[in-house]
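Undergrad: My structure is in structure_26.tsv, and what it holds is TSV, C-alpha atoms and all ligand atoms:
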chain	number	residue	atom	x	y	z
A	17	MET	CA	-37.47	-61.51	-233.26
A	18	GLN	CA	-38.98	-59.12	-230.76
A	19	VAL	CA	-40.21	-55.80	-232.14
A	20	VAL	CA	-40.69	-52.89	-229.75
A	21	TYR	CA	-43.62	-50.73	-230.81
A	22	SER	CA	-45.76	-48.00	-229.22
A	23	THR	CA	-49.04	-46.52	-230.44
A	24	ALA	CA	-47.87	-43.13	-229.06
A	25	HIS	CA	-46.34	-42.34	-232.47
A	26	LEU	CA	-49.89	-41.86	-233.81
A	27	GLY	CA	-50.10	-38.58	-231.87
A	28	HIS	CA	-47.35	-37.10	-234.06
A	29	ASP	CA	-49.91	-36.68	-236.81
A	30	VAL	CA	-48.25	-34.04	-239.00
A	31	THR	CA	-50.01	-33.33	-242.27
A	32	HIS	CA	-47.70	-30.84	-244.03
A	33	GLU	CA	-44.09	-29.77	-244.21
A	34	THR	CA	-42.35	-26.99	-246.11
A	35	VAL	CA	-40.04	-27.86	-249.02
A	36	SER	CA	-38.36	-25.02	-250.92
A	37	GLY	CA	-40.90	-22.62	-249.46
A	38	GLU	CA	-43.88	-24.63	-250.56
A	39	SER	CA	-46.25	-26.44	-248.21
A	40	VAL	CA	-46.46	-30.07	-249.30
A	41	PRO	CA	-48.04	-33.18	-247.77
A	42	ALA	CA	-45.78	-34.53	-245.04
A	43	TYR	CA	-43.56	-37.50	-245.89
A	44	GLU	CA	-42.87	-38.62	-242.32
A	45	VAL	CA	-46.39	-39.81	-241.44
A	46	ALA	CA	-47.90	-42.38	-239.09
A	47	GLU	CA	-48.79	-44.70	-241.96
A	48	ARG	CA	-45.07	-45.52	-242.31
A	49	ALA	CA	-44.77	-47.26	-238.95
A	50	GLU	CA	-48.23	-48.79	-239.26
A	51	ARG	CA	-47.35	-50.43	-242.57
A	52	ILE	CA	-44.21	-51.95	-241.07
A	53	ARG	CA	-46.08	-53.15	-237.97
A	54	ALA	CA	-48.80	-54.75	-240.12
A	55	ALA	CA	-46.28	-56.55	-242.37
A	56	LEU	CA	-44.36	-57.96	-239.41
A	57	GLU	CA	-47.57	-59.09	-237.70
A	58	ALA	CA	-48.72	-60.79	-240.91
A	59	ASP	CA	-45.36	-62.56	-241.20
A	60	GLY	CA	-45.97	-64.43	-237.95
A	61	GLY	CA	-42.29	-64.61	-237.04
A	62	PHE	CA	-42.19	-61.46	-234.92
A	63	GLU	CA	-43.40	-60.67	-231.41
A	64	LEU	CA	-44.58	-57.13	-230.72
A	65	VAL	CA	-43.72	-55.81	-227.26
A	66	ALA	CA	-44.56	-52.46	-225.65
A	67	PRO	CA	-41.81	-50.13	-224.45
A	68	THR	CA	-41.19	-49.35	-220.78
A	69	ALA	CA	-40.64	-45.80	-219.49
A	70	HIS	CA	-37.00	-44.84	-218.96
A	71	GLY	CA	-37.29	-41.27	-217.66
A	72	ASP	CA	-35.29	-38.18	-218.58
A	73	ASP	CA	-31.77	-39.18	-217.56
A	74	PRO	CA	-30.78	-41.17	-220.68
A	75	ILE	CA	-32.05	-38.30	-222.87
A	76	ARG	CA	-30.21	-35.63	-220.87
A	77	ALA	CA	-27.04	-37.73	-221.14
A	78	VAL	CA	-27.08	-37.01	-224.88
A	79	HIS	CA	-29.15	-33.84	-225.40
A	80	ASP	CA	-28.94	-30.26	-224.12
A	81	PRO	CA	-31.47	-29.84	-221.27
A	82	GLY	CA	-32.60	-26.66	-223.03
A	83	LEU	CA	-33.65	-28.64	-226.11
A	84	VAL	CA	-35.53	-31.12	-223.93
A	85	ALA	CA	-37.29	-28.27	-222.11
A	86	PHE	CA	-38.15	-26.55	-225.39
A	87	LEU	CA	-39.70	-29.66	-226.93
A	88	GLU	CA	-41.61	-30.42	-223.73
A	89	THR	CA	-43.16	-26.95	-223.50
A	90	ALA	CA	-43.35	-25.81	-227.13
A	91	TRP	CA	-46.93	-26.83	-227.79
A	92	SER	CA	-48.43	-25.34	-224.62
A	93	GLU	CA	-46.32	-22.20	-225.16
A	94	MET	CA	-47.67	-21.90	-228.69
A	95	ARG	CA	-51.19	-22.03	-227.30
A	96	ARG	CA	-50.32	-19.50	-224.56
A	97	GLN	CA	-48.84	-17.08	-227.13
A	98	GLY	CA	-52.02	-17.46	-229.18
A	99	VAL	CA	-50.35	-18.79	-232.33
A	100	PRO	CA	-53.41	-19.96	-234.28
A	101	ARG	CA	-51.90	-22.90	-236.12
A	102	LEU	CA	-52.17	-26.67	-236.06
A	103	ALA	CA	-48.41	-27.12	-236.49
A	104	MET	CA	-45.35	-25.02	-235.69
A	105	ILE	CA	-42.67	-24.51	-238.35
A	106	PRO	CA	-40.09	-21.76	-237.70
A	107	ASP	CA	-38.76	-19.66	-240.57
A	108	THR	CA	-35.69	-17.93	-239.10
A	109	TYR	CA	-32.58	-19.84	-238.06
A	110	PRO	CA	-29.22	-18.70	-236.64
A	111	ASN	CA	-26.91	-19.04	-239.64
A	112	PRO	CA	-23.33	-19.02	-238.20
A	113	ALA	CA	-22.42	-16.12	-240.51
A	114	MET	CA	-24.71	-13.93	-238.40
A	115	PHE	CA	-22.08	-14.12	-235.63
A	116	GLU	CA	-18.95	-13.90	-237.78
A	117	GLY	CA	-16.16	-11.93	-236.10
A	118	MET	CA	-17.68	-12.15	-232.63
A	119	SER	CA	-15.39	-13.44	-229.88
A	120	GLU	CA	-16.18	-16.63	-228.01
A	121	ASP	CA	-17.18	-14.46	-225.03
A	122	ALA	CA	-19.59	-12.48	-227.15
A	123	ARG	CA	-21.02	-15.66	-228.63
A	124	ASP	CA	-21.48	-17.09	-225.14
A	125	ARG	CA	-23.78	-14.18	-224.42
A	126	LEU	CA	-26.14	-15.09	-227.26
A	127	ARG	CA	-29.38	-16.38	-225.78
A	128	GLU	CA	-32.52	-18.27	-226.60
A	129	PRO	CA	-35.29	-15.86	-227.65
A	130	GLU	CA	-38.56	-15.67	-225.73
A	131	THR	CA	-41.14	-15.92	-228.48
A	132	LEU	CA	-41.97	-19.32	-229.83
A	133	ALA	CA	-40.98	-18.48	-233.44
A	134	GLY	CA	-37.54	-17.44	-232.22
A	135	ARG	CA	-37.14	-20.39	-229.87
A	136	ALA	CA	-38.09	-22.87	-232.59
A	137	GLY	CA	-35.49	-21.33	-234.91
A	138	TRP	CA	-32.89	-21.39	-232.10
A	139	TRP	CA	-33.30	-25.15	-231.55
A	140	GLY	CA	-34.40	-26.20	-235.06
A	141	LEU	CA	-32.57	-27.02	-238.29
A	142	ASP	CA	-35.14	-26.85	-241.08
A	143	THR	CA	-38.72	-26.31	-242.18
A	144	SER	CA	-39.45	-30.00	-242.74
A	145	THR	CA	-39.94	-30.82	-239.07
A	146	PRO	CA	-43.25	-29.43	-237.80
A	147	PHE	CA	-44.36	-30.25	-234.31
A	148	VAL	CA	-47.98	-30.78	-233.32
A	149	ALA	CA	-49.90	-31.43	-230.10
A	150	GLY	CA	-48.76	-35.04	-229.79
A	151	THR	CA	-45.17	-34.63	-230.97
A	152	TYR	CA	-43.39	-34.51	-227.62
A	153	VAL	CA	-45.17	-37.60	-226.26
A	154	ALA	CA	-44.42	-39.48	-229.50
A	155	ALA	CA	-40.76	-38.43	-229.48
A	156	ARG	CA	-40.40	-39.53	-225.84
A	157	ALA	CA	-42.05	-42.86	-226.68
A	158	ALA	CA	-39.62	-43.39	-229.58
A	159	VAL	CA	-36.75	-43.00	-227.10
A	160	ASP	CA	-38.40	-45.54	-224.80
A	161	VAL	CA	-38.81	-47.90	-227.77
A	162	ALA	CA	-35.05	-47.63	-228.43
A	163	LEU	CA	-34.09	-48.05	-224.77
A	164	THR	CA	-36.41	-51.04	-224.35
A	165	ALA	CA	-34.74	-52.65	-227.35
A	166	VAL	CA	-31.41	-52.02	-225.58
A	167	ASP	CA	-32.74	-53.66	-222.38
A	168	LEU	CA	-33.88	-56.73	-224.30
A	169	VAL	CA	-30.55	-57.12	-226.11
A	170	LEU	CA	-28.50	-56.60	-222.94
A	171	GLY	CA	-30.87	-59.07	-221.30
A	172	GLY	CA	-29.84	-61.77	-223.74
A	173	GLN	CA	-31.78	-61.30	-226.98
A	174	ARG	CA	-29.56	-61.61	-230.03
A	175	SER	CA	-31.33	-58.94	-232.13
A	176	VAL	CA	-34.26	-56.64	-231.38
A	177	TYR	CA	-36.00	-54.19	-233.71
A	178	GLY	CA	-37.20	-50.90	-232.25
A	179	LEU	CA	-39.90	-49.47	-234.53
A	180	CYS	CA	-39.08	-45.87	-233.63
A	181	ARG	CA	-41.19	-43.02	-234.93
A	182	PRO	CA	-40.39	-40.15	-235.14
A	183	PRO	CA	-36.88	-41.07	-236.31
A	184	GLY	CA	-33.78	-39.65	-234.63
A	185	HIS	CA	-30.47	-39.54	-236.48
A	186	HIS	CA	-30.63	-35.89	-237.63
A	187	ALA	CA	-31.18	-34.62	-234.06
A	188	ALA	CA	-27.94	-33.27	-232.57
A	189	ARG	CA	-27.13	-32.53	-228.94
A	190	SER	CA	-28.79	-29.10	-229.12
A	191	MET	CA	-30.86	-29.30	-232.31
A	192	TYR	CA	-33.93	-31.00	-233.71
A	193	GLY	CA	-34.62	-31.32	-237.46
A	194	GLY	CA	-34.93	-33.67	-240.42
A	195	TYR	CA	-38.15	-35.17	-238.95
A	196	CYS	CA	-36.14	-35.98	-235.78
A	197	PHE	CA	-36.57	-34.63	-232.24
A	198	PHE	CA	-34.50	-36.89	-229.97
A	199	ASN	CA	-31.67	-39.02	-231.35
A	200	ASN	CA	-32.97	-42.50	-230.52
A	201	ALA	CA	-29.86	-44.31	-231.82
A	202	ALA	CA	-27.43	-42.00	-230.02
A	203	ILE	CA	-29.37	-42.34	-226.76
A	204	ALA	CA	-29.35	-46.13	-227.20
A	205	ALA	CA	-25.60	-46.25	-227.97
A	206	ASP	CA	-24.78	-44.00	-225.01
A	207	ALA	CA	-26.89	-46.20	-222.71
A	208	ILE	CA	-25.12	-49.35	-223.96
A	209	ALA	CA	-21.67	-47.81	-223.48
A	210	THR	CA	-22.60	-46.61	-219.98
A	211	THR	CA	-24.22	-49.88	-218.89
A	212	THR	CA	-21.65	-52.31	-220.30
A	213	GLY	CA	-18.43	-50.27	-220.27
A	214	GLU	CA	-17.86	-51.68	-223.76
A	215	ARG	CA	-17.24	-49.77	-226.94
A	216	VAL	CA	-20.27	-49.49	-229.21
A	217	ALA	CA	-20.55	-49.18	-232.99
A	218	ILE	CA	-23.41	-47.50	-234.86
A	219	LEU	CA	-24.11	-48.55	-238.44
A	220	ASP	CA	-26.29	-45.95	-240.18
A	221	VAL	CA	-27.86	-47.27	-243.39
A	222	ASP	CA	-30.55	-44.62	-243.78
A	223	PHE	CA	-30.30	-42.86	-247.16
A	224	HIS	CA	-29.33	-39.62	-245.41
A	225	HIS	CA	-26.24	-38.88	-243.39
A	226	GLY	CA	-26.95	-38.99	-239.65
A	227	ASN	CA	-25.48	-35.59	-238.90
A	228	GLY	CA	-26.92	-35.61	-235.38
A	229	THR	CA	-25.30	-38.90	-234.44
A	230	GLN	CA	-21.99	-37.77	-235.93
A	231	GLN	CA	-22.13	-34.51	-233.95
A	232	ILE	CA	-23.01	-36.21	-230.65
A	233	PHE	CA	-20.10	-38.66	-230.78
A	234	TRP	CA	-17.61	-36.44	-232.70
A	235	ARG	CA	-15.12	-36.30	-229.80
A	236	ARG	CA	-15.89	-39.64	-228.16
A	237	GLY	CA	-13.62	-42.65	-228.43
A	238	ASP	CA	-16.15	-45.15	-227.07
A	239	VAL	CA	-18.71	-44.95	-229.90
A	240	ARG	CA	-17.77	-45.49	-233.53
A	241	TYR	CA	-20.15	-44.07	-236.14
A	242	VAL	CA	-20.21	-45.54	-239.66
A	243	SER	CA	-22.67	-44.15	-242.22
A	244	ILE	CA	-23.52	-45.07	-245.82
A	245	HIS	CA	-25.56	-42.30	-247.46
A	246	GLY	CA	-26.35	-40.12	-250.43
A	247	ASP	CA	-23.48	-37.68	-250.97
A	248	PRO	CA	-24.21	-34.39	-249.13
A	249	THR	CA	-22.93	-32.44	-252.12
A	250	ARG	CA	-26.37	-33.19	-253.61
A	251	GLN	CA	-28.53	-34.45	-250.73
A	252	TYR	CA	-29.87	-33.43	-247.31
A	253	PRO	CA	-28.40	-32.64	-244.78
A	254	TYR	CA	-26.05	-30.88	-247.26
A	255	PHE	CA	-23.52	-29.54	-244.75
A	256	LEU	CA	-22.19	-32.76	-243.20
A	257	GLY	CA	-21.48	-36.32	-244.32
A	258	HIS	CA	-18.21	-35.97	-246.23
A	259	PRO	CA	-15.43	-38.59	-246.08
A	260	ASP	CA	-12.93	-36.18	-244.52
A	261	GLU	CA	-15.10	-35.87	-241.38
A	262	VAL	CA	-13.33	-38.42	-239.19
A	263	GLY	CA	-13.88	-37.12	-235.64
A	264	GLU	CA	-11.56	-35.14	-233.37
A	265	GLY	CA	-9.85	-35.60	-230.02
A	266	ASP	CA	-10.69	-39.00	-228.50
A	267	GLY	CA	-13.05	-39.48	-231.45
A	268	ASN	CA	-10.36	-39.04	-234.09
A	269	GLY	CA	-10.74	-41.93	-236.55
A	270	GLU	CA	-14.03	-43.10	-235.00
A	271	ASN	CA	-16.25	-41.45	-237.64
A	272	LEU	CA	-16.48	-43.04	-241.10
A	273	ASN	CA	-18.64	-41.51	-243.85
A	274	LEU	CA	-19.25	-43.46	-247.05
A	275	PRO	CA	-21.18	-41.17	-249.44
A	276	LEU	CA	-22.53	-42.75	-252.62
A	277	PRO	CA	-23.67	-41.37	-256.00
A	278	ALA	CA	-27.18	-41.11	-257.41
A	279	GLY	CA	-28.41	-44.33	-258.97
A	280	THR	CA	-26.34	-46.57	-256.63
A	281	THR	CA	-27.13	-50.21	-257.46
A	282	ASN	CA	-27.46	-53.23	-255.19
A	283	ALA	CA	-23.94	-54.39	-256.08
A	284	ALA	CA	-22.31	-51.03	-255.40
A	285	TYR	CA	-24.26	-50.69	-252.17
A	286	LEU	CA	-23.15	-54.12	-250.97
A	287	GLY	CA	-19.54	-53.06	-251.53
A	288	ALA	CA	-20.09	-50.10	-249.20
A	289	VAL	CA	-21.79	-52.35	-246.63
A	290	GLU	CA	-18.78	-54.67	-246.62
A	291	ARG	CA	-16.45	-51.72	-246.07
A	292	ALA	CA	-18.67	-50.42	-243.28
A	293	LEU	CA	-18.80	-53.80	-241.55
A	294	GLU	CA	-15.01	-54.10	-241.67
A	295	ALA	CA	-14.84	-50.83	-239.74
A	296	ILE	CA	-17.53	-52.08	-237.33
A	297	VAL	CA	-15.87	-55.39	-236.42
A	298	GLU	CA	-12.53	-53.64	-235.81
A	299	VAL	CA	-14.18	-52.16	-232.71
A	300	PRO	CA	-14.14	-54.38	-229.64
A	301	GLY	CA	-17.56	-54.82	-228.05
A	302	SER	CA	-20.60	-57.01	-228.43
A	303	VAL	CA	-23.43	-54.70	-229.55
A	304	VAL	CA	-24.07	-52.78	-232.77
A	305	VAL	CA	-26.80	-50.15	-233.02
A	306	VAL	CA	-28.28	-49.97	-236.52
A	307	SER	CA	-29.93	-46.78	-237.79
A	308	LEU	CA	-32.13	-48.40	-240.43
A	309	GLY	CA	-33.74	-46.40	-243.22
A	310	PHE	CA	-35.56	-47.61	-246.31
A	311	ASP	CA	-35.23	-44.31	-248.18
A	312	THR	CA	-32.42	-46.12	-250.05
A	313	TYR	CA	-35.17	-47.97	-251.95
A	314	GLY	CA	-35.43	-47.40	-255.70
A	315	LEU	CA	-38.87	-45.79	-255.53
A	316	ASP	CA	-38.30	-43.62	-252.47
A	317	PRO	CA	-39.44	-40.02	-253.13
A	318	LEU	CA	-36.58	-38.51	-251.08
A	319	GLY	CA	-33.69	-40.81	-252.03
A	320	ASP	CA	-31.99	-41.42	-255.38
A	321	PHE	CA	-30.50	-44.91	-254.99
A	322	ALA	CA	-31.81	-47.91	-256.97
A	323	LEU	CA	-31.99	-50.62	-254.30
A	324	THR	CA	-34.52	-53.46	-254.36
A	325	THR	CA	-36.27	-55.42	-251.61
A	326	ASP	CA	-34.09	-58.52	-251.91
A	327	LEU	CA	-31.02	-56.37	-251.22
A	328	TYR	CA	-32.40	-55.62	-247.76
A	329	HIS	CA	-32.48	-59.33	-247.00
A	330	ASP	CA	-28.79	-59.54	-247.96
A	331	VAL	CA	-27.85	-56.53	-245.83
A	332	GLY	CA	-29.70	-57.89	-242.78
A	333	ARG	CA	-27.94	-61.22	-243.22
A	334	LEU	CA	-24.49	-59.59	-243.58
A	335	VAL	CA	-24.94	-57.38	-240.53
A	336	ALA	CA	-26.04	-60.37	-238.42
A	337	ALA	CA	-23.04	-62.34	-239.72
A	338	THR	CA	-20.74	-59.99	-237.78
A	339	GLY	CA	-21.80	-62.02	-234.75
A	340	ARG	CA	-22.59	-58.84	-232.82
A	341	ARG	CA	-25.90	-58.44	-231.01
A	342	LEU	CA	-28.08	-55.90	-232.82
A	343	VAL	CA	-30.26	-53.04	-231.61
A	344	ILE	CA	-32.00	-52.16	-234.87
A	345	LEU	CA	-33.80	-48.81	-234.81
A	346	GLN	CA	-36.07	-47.43	-237.50
A	347	GLU	CA	-35.12	-44.12	-239.12
A	348	GLY	CA	-36.47	-43.00	-242.54
A	349	GLY	CA	-38.12	-44.53	-245.61
A	350	TYR	CA	-40.93	-42.75	-247.42
A	351	HIS	CA	-42.21	-45.00	-250.19
A	352	ARG	CA	-45.07	-46.27	-248.09
A	353	PRO	CA	-46.24	-49.26	-250.19
A	354	SER	CA	-42.84	-50.99	-249.91
A	355	LEU	CA	-41.98	-50.25	-246.27
A	356	GLY	CA	-43.55	-53.38	-244.79
A	357	GLU	CA	-41.89	-55.74	-247.24
A	358	ASN	CA	-38.52	-54.01	-246.99
A	359	ALA	CA	-38.57	-54.23	-243.20
A	360	ARG	CA	-39.69	-57.86	-243.32
A	361	ALA	CA	-36.86	-58.68	-245.75
A	362	TRP	CA	-34.24	-57.00	-243.54
A	363	MET	CA	-35.41	-58.69	-240.34
A	364	ARG	CA	-35.74	-62.11	-241.94
A	365	GLY	CA	-32.17	-61.68	-243.19
A	366	VAL	CA	-31.07	-60.97	-239.61
A	367	ASP	CA	-33.00	-63.99	-238.35
A	368	GLY	CA	-31.44	-66.25	-241.01
A	369	ARG	CA	-34.81	-67.02	-242.55
A	370	PRO	CA	-35.36	-67.08	-246.35
A	371	PHE	CA	-37.39	-64.36	-248.02
A	372	ASP	CA	-39.79	-64.45	-250.95
A	373	PRO	CA	-40.64	-60.83	-251.62
A	374	LEU	CA	-44.16	-59.93	-252.61
A	375	PRO	CA	-44.31	-57.66	-255.66
A	376	VAL	CA	-44.64	-53.96	-254.85
A	377	ALA	CA	-47.11	-52.05	-257.00
A	378	GLY	CA	-45.45	-49.72	-259.51
A	379	PHE	CA	-41.93	-51.10	-259.13
A	380	THR	CA	-40.13	-52.65	-262.06
A	381	GLY	CA	-36.81	-53.05	-260.24
A	382	GLY	CA	-33.65	-50.94	-260.33
A	383	GLY	CA	-33.27	-47.71	-262.26
A	384	THR	CA	-32.86	-44.15	-261.14
A	385	VAL	CA	-35.82	-42.39	-259.63
A	386	ALA	CA	-36.40	-38.73	-260.36
B	401	ZN	ZN	-33.38	-40.57	-244.37
Just dump the structure as structure tokens.
Ligand SMILES: [Zn+2]
TA:
Amino acid sequence: MQVVYSTAHLGHDVTHETVSGESVPAYEVAERAERIRAALEADGGFELVAPTAHGDDPIRAVHDPGLVAFLETAWSEMRRQGVPRLAMIPDTYPNPAMFEGMSEDARDRLREPETLAGRAGWWGLDTSTPFVAGTYVAARAAVDVALTAVDLVLGGQRSVYGLCRPPGHHAARSMYGGYCFFNNAAIAADAIATTTGERVAILDVDFHHGNGTQQIFWRRGDVRYVSIHGDPTRQYPYFLGHPDEVGEGDGNGENLNLPLPAGTTNAAYLGAVERALEAIVEVPGSVVVVSLGFDTYGLDPLGDFALTTDLYHDVGRLVAATGRRLVILQEGGYHRPSLGENARAWMRGVDGRPFDPLPVAGFTGGGTVA
């Protein structure tokens, strides 16, 4: 299998994020992608390829040009405004209740602030997504990784893995957040739909609901979004990801959310995967985009499922058994010691190769993680 990878992600070298008001070491760090790259190289069955540049147009097809402009200029603007920090994290966001009672006309007159703190709140979702000097270049490269994987699959490859970092599925049309800046999977799906004229399905198996992907395709009939995730009543992104969110307009019935409880086991998870794949193969078309996260793993510090490495081999095998070509894009996964093995298991499942997992330090298998 070909694996698209760029060293540009190393420039997004965040060190801290804010959780419940406290500065903590960042979870979404460069080591994540490097561990996966190293494991796939050691396996010997994968070929690393560099991405090619795809320009702004595929990004602007999915994202608000204002968000693109903000992310492109934020770092230099921070320097110009003399903000003496190594990373920018806003603290004030436009809660919709701030505008309650205002007419649509009055809301249309709301505008992006001029200072960086205000602009970052205007476009941002949360305090867990700092940007640093190399963030924009890394985020652009992650899009190119995704679009190069699309090129390879449309060019005849059966399955290609885009090792995207930063991830993308929390980024909405006009919002960054959840460690995500541009929505790599949404940009890939839109490019496939545009290029082929076919319908496209997105299978999101990150632990978290891909609120950004859902928002982008909410009213579109040509892209079906199916997500298995921790129930938002207890987990980020909290405000979206419920089963009654099914899409509207042309997108009515094209959005399927499958939230799961804490402690979800391999067997229960496989049941959800089967249900998701039934919804995927109902859609005509030849390509599935997979938003792949390993924060479903039993030891993940952000997730609360109890999945094991061998389960990932099964899921990869089942997704490939749909017969669809796969553009597999990396999203989350924060238990660093297991990331390489989990990715290797998934991809070997897709490739139809057996898998003998190496033991992961500290993991006894199954169980709920605090
Ligand atoms: Zn996640």
Undergrad: Can you tell me, as an MDAnalysis selection string, what residues are no more than 8 Å from Ile75 (chain A) when counting all atoms listed in the file, ignoring any on the same chain fewer than 3 positions away?
TA: chainID A and resid 71:72 78:79 159 198 203
Undergrad: So, with only C-alpha atoms as the atoms that count, which of A:Arg340, A:Arg235, A:Arg95, A:Arg156 lies closest to Val216 (chain A)?
TA: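 Going through A:Arg340, A:Arg235, A:Arg95, A:Arg156 one by one, the smallest distance to Val216 (chain A) is for A:Arg340.
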Undergrad: All residues within 12 Å of ligand ZN 401 (chain B) are required, counting all atoms listed in the file; please report them as a PyMOL selection string.
TA: chain A and resi 43-44+182-186+193-196+220-227+243-246+251-253+307-313+316-321+346-351
Undergrad: Save out the residues we just selected, C-alpha atoms, as a short mmCIF file (atom, residue, chain, number, x, y, z; two decimals), in the frame of the given file.
TA:
data_model
loop_
_atom_site.label_atom_id
_atom_site.label_comp_id
_atom_site.auth_asym_id
_atom_site.auth_seq_id
_atom_site.Cartn_x
_atom_site.Cartn_y
_atom_site.Cartn_z
CA TYR A 43 -43.56 -37.50 -245.89
CA GLU A 44 -42.87 -38.62 -242.32
CA PRO A 182 -40.39 -40.15 -235.14
CA PRO A 183 -36.88 -41.07 -236.31
CA GLY A 184 -33.78 -39.65 -234.63
CA HIS A 185 -30.47 -39.54 -236.48
CA HIS A 186 -30.63 -35.89 -237.63
CA GLY A 193 -34.62 -31.32 -237.46
CA GLY A 194 -34.93 -33.67 -240.42
CA TYR A 195 -38.15 -35.17 -238.95
CA CYS A 196 -36.14 -35.98 -235.78
CA ASP A 220 -26.29 -45.95 -240.18
CA VAL A 221 -27.86 -47.27 -243.39
CA ASP A 222 -30.55 -44.62 -243.78
CA PHE A 223 -30.30 -42.86 -247.16
CA HIS A 224 -29.33 -39.62 -245.41
CA HIS A 225 -26.24 -38.88 -243.39
CA GLY A 226 -26.95 -38.99 -239.65
CA ASN A 227 -25.48 -35.59 -238.90
CA SER A 243 -22.67 -44.15 -242.22
CA ILE A 244 -23.52 -45.07 -245.82
CA HIS A 245 -25.56 -42.30 -247.46
CA GLY A 246 -26.35 -40.12 -250.43
CA GLN A 251 -28.53 -34.45 -250.73
CA TYR A 252 -29.87 -33.43 -247.31
CA PRO A 253 -28.40 -32.64 -244.78
CA SER A 307 -29.93 -46.78 -237.79
CA LEU A 308 -32.13 -48.40 -240.43
CA GLY A 309 -33.74 -46.40 -243.22
CA PHE A 310 -35.56 -47.61 -246.31
CA ASP A 311 -35.23 -44.31 -248.18
CA THR A 312 -32.42 -46.12 -250.05
CA TYR A 313 -35.17 -47.97 -251.95
CA ASP A 316 -38.30 -43.62 -252.47
CA PRO A 317 -39.44 -40.02 -253.13
CA LEU A 318 -36.58 -38.51 -251.08
CA GLY A 319 -33.69 -40.81 -252.03
CA ASP A 320 -31.99 -41.42 -255.38
CA PHE A 321 -30.50 -44.91 -254.99
CA GLN A 346 -36.07 -47.43 -237.50
CA GLU A 347 -35.12 -44.12 -239.12
CA GLY A 348 -36.47 -43.00 -242.54
CA GLY A 349 -38.12 -44.53 -245.61
CA TYR A 350 -40.93 -42.75 -247.42
CA HIS A 351 -42.21 -45.00 -250.19
#
Undergrad: Looking at only C-alpha atoms, which of A:Val84, A:Gly172, A:Ala288, A:Leu163 is the one that sits closest to Ala202 (chain A)?
TA: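 Under the stated criterion, the closest residue is A:Leu163.
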Undergrad: At most 9 Å from (-36.8, -24.9, -227.6), file frame, all atoms listed in the file: which residues, as a list in words?
TA: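 Those residues, ordered by chain and then number, are Gly82, Leu83, Val84, Ala85, Phe86, Leu87, Glu88, Thr89, Ala90, Glu128, Leu132, Gly134, Arg135, Ala136, Gly137, Trp138, Trp139, Gly140 and Met191 of chain A.
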Undergrad: Calculated over all atoms listed in the file, which of the candidates A:Leu293, A:Val19, A:Ile232, A:Val153 has the smallest distance to Val331 (chain A)?
TA: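 Closest to Val331 (chain A), using all atoms listed in the file: A:Leu293.
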Undergrad: Quick one: everything within 7 Å of Val304 (chain A), counting all atoms listed in the file, minus sequence neighbours fewer than 4 positions away in the same chain. Send it as a PDB file with C-alpha atoms, keeping the file's coordinate frame.
TA:
ATOM      1  CA  VAL A 216     -20.270 -49.490-229.210  1.00  0.00           C
ATOM      2  CA  ALA A 217     -20.550 -49.180-232.990  1.00  0.00           C
ATOM      3  CA  ILE A 218     -23.410 -47.500-234.860  1.00  0.00           C
ATOM      4  CA  ARG A 340     -22.590 -58.840-232.820  1.00  0.00           C
ATOM      5  CA  ARG A 341     -25.900 -58.440-231.010  1.00  0.00           C
ATOM      6  CA  LEU A 342     -28.080 -55.900-232.820  1.00  0.00           C
ATOM      7  CA  VAL A 343     -30.260 -53.040-231.610  1.00  0.00           C
TER       8      VAL A 343
END
Undergrad: Do you know which residues are at most 12 Å from Thr249 (chain A) counting all atoms listed in the file, after dropping those on the same chain fewer than 6 positions away, and could you put them as a list in words?
TA: His224, His225, Phe255, Leu256, Gly257, His258, Pro259, Pro275, Leu276, Pro277 and Ala278 of chain A
Undergrad: Take CA of Ala284 (chain A) and CA of Asp330 (chain A) and report the distance between them in Å, one decimal.
TA: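 So the two atoms, CA of Ala284 (chain A) and CA of Asp330 (chain A), lie 13.0 Å apart.
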Undergrad: Counting all atoms listed in the file, figure out which residue out of A:Ala46, A:Leu56, A:Val65, A:Met94 gets nearest to Trp362 (chain A).
TA: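 The shortest atom-to-atom distance to Trp362 (chain A) comes from A:Leu56.
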Undergrad: Need the shell around region 28-35 of chain A: protein/DNA/RNA residues with any atom at most 6 Å away, counting all atoms listed in the file. Skip same-chain ones fewer than 3 positions apart. Format as a list in words?
TA: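 These residues fall inside the cut-off: His25, Glu38, Ser39, Val40, Pro41, Ala42, Thr143, Ser144, Gly150, Thr151 and Ala154 of chain A.
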Undergrad: Which residue gives the smallest distance to Leu286 (chain A) among A:Val306, A:Ala77, A:Leu64, A:Leu334, with all atoms listed in the file counted?
TA: A:Leu334
Undergrad: For Gly356 (chain A), which of A:Val148, A:Pro373, A:Asp73, A:Phe115 is the closest residue, counting all atoms listed in the file?
TA: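 With all atoms listed in the file as the atom set, the closest residue is A:Pro373.
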Undergrad: For CA of Leu219 (chain A) and CA of Ser302 (chain A), determine how far apart the two atoms are, in Å to one decimal place.
TA: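 CA of Ser302 (chain A) lies 13.6 Å from CA of Leu219 (chain A).
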Undergrad: Using CA of Asp167 (chain A) and CA of Gly269 (chain A) as the two end points, give the distance in Å to one decimal.
TA: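 Interatomic distance here is 28.7 Å.
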Undergrad: Output, as JSON, the centre and edge lengths in Å (one decimal) of the axis-aligned box that contains all listed atoms of region 302-320 of chain A with 4 Å of margin on each side.
TA:
{"center_x": -30.0, "center_y": -47.8, "center_z": -242.1, "size_x": 26.8, "size_y": 26.5, "size_z": 35.3}
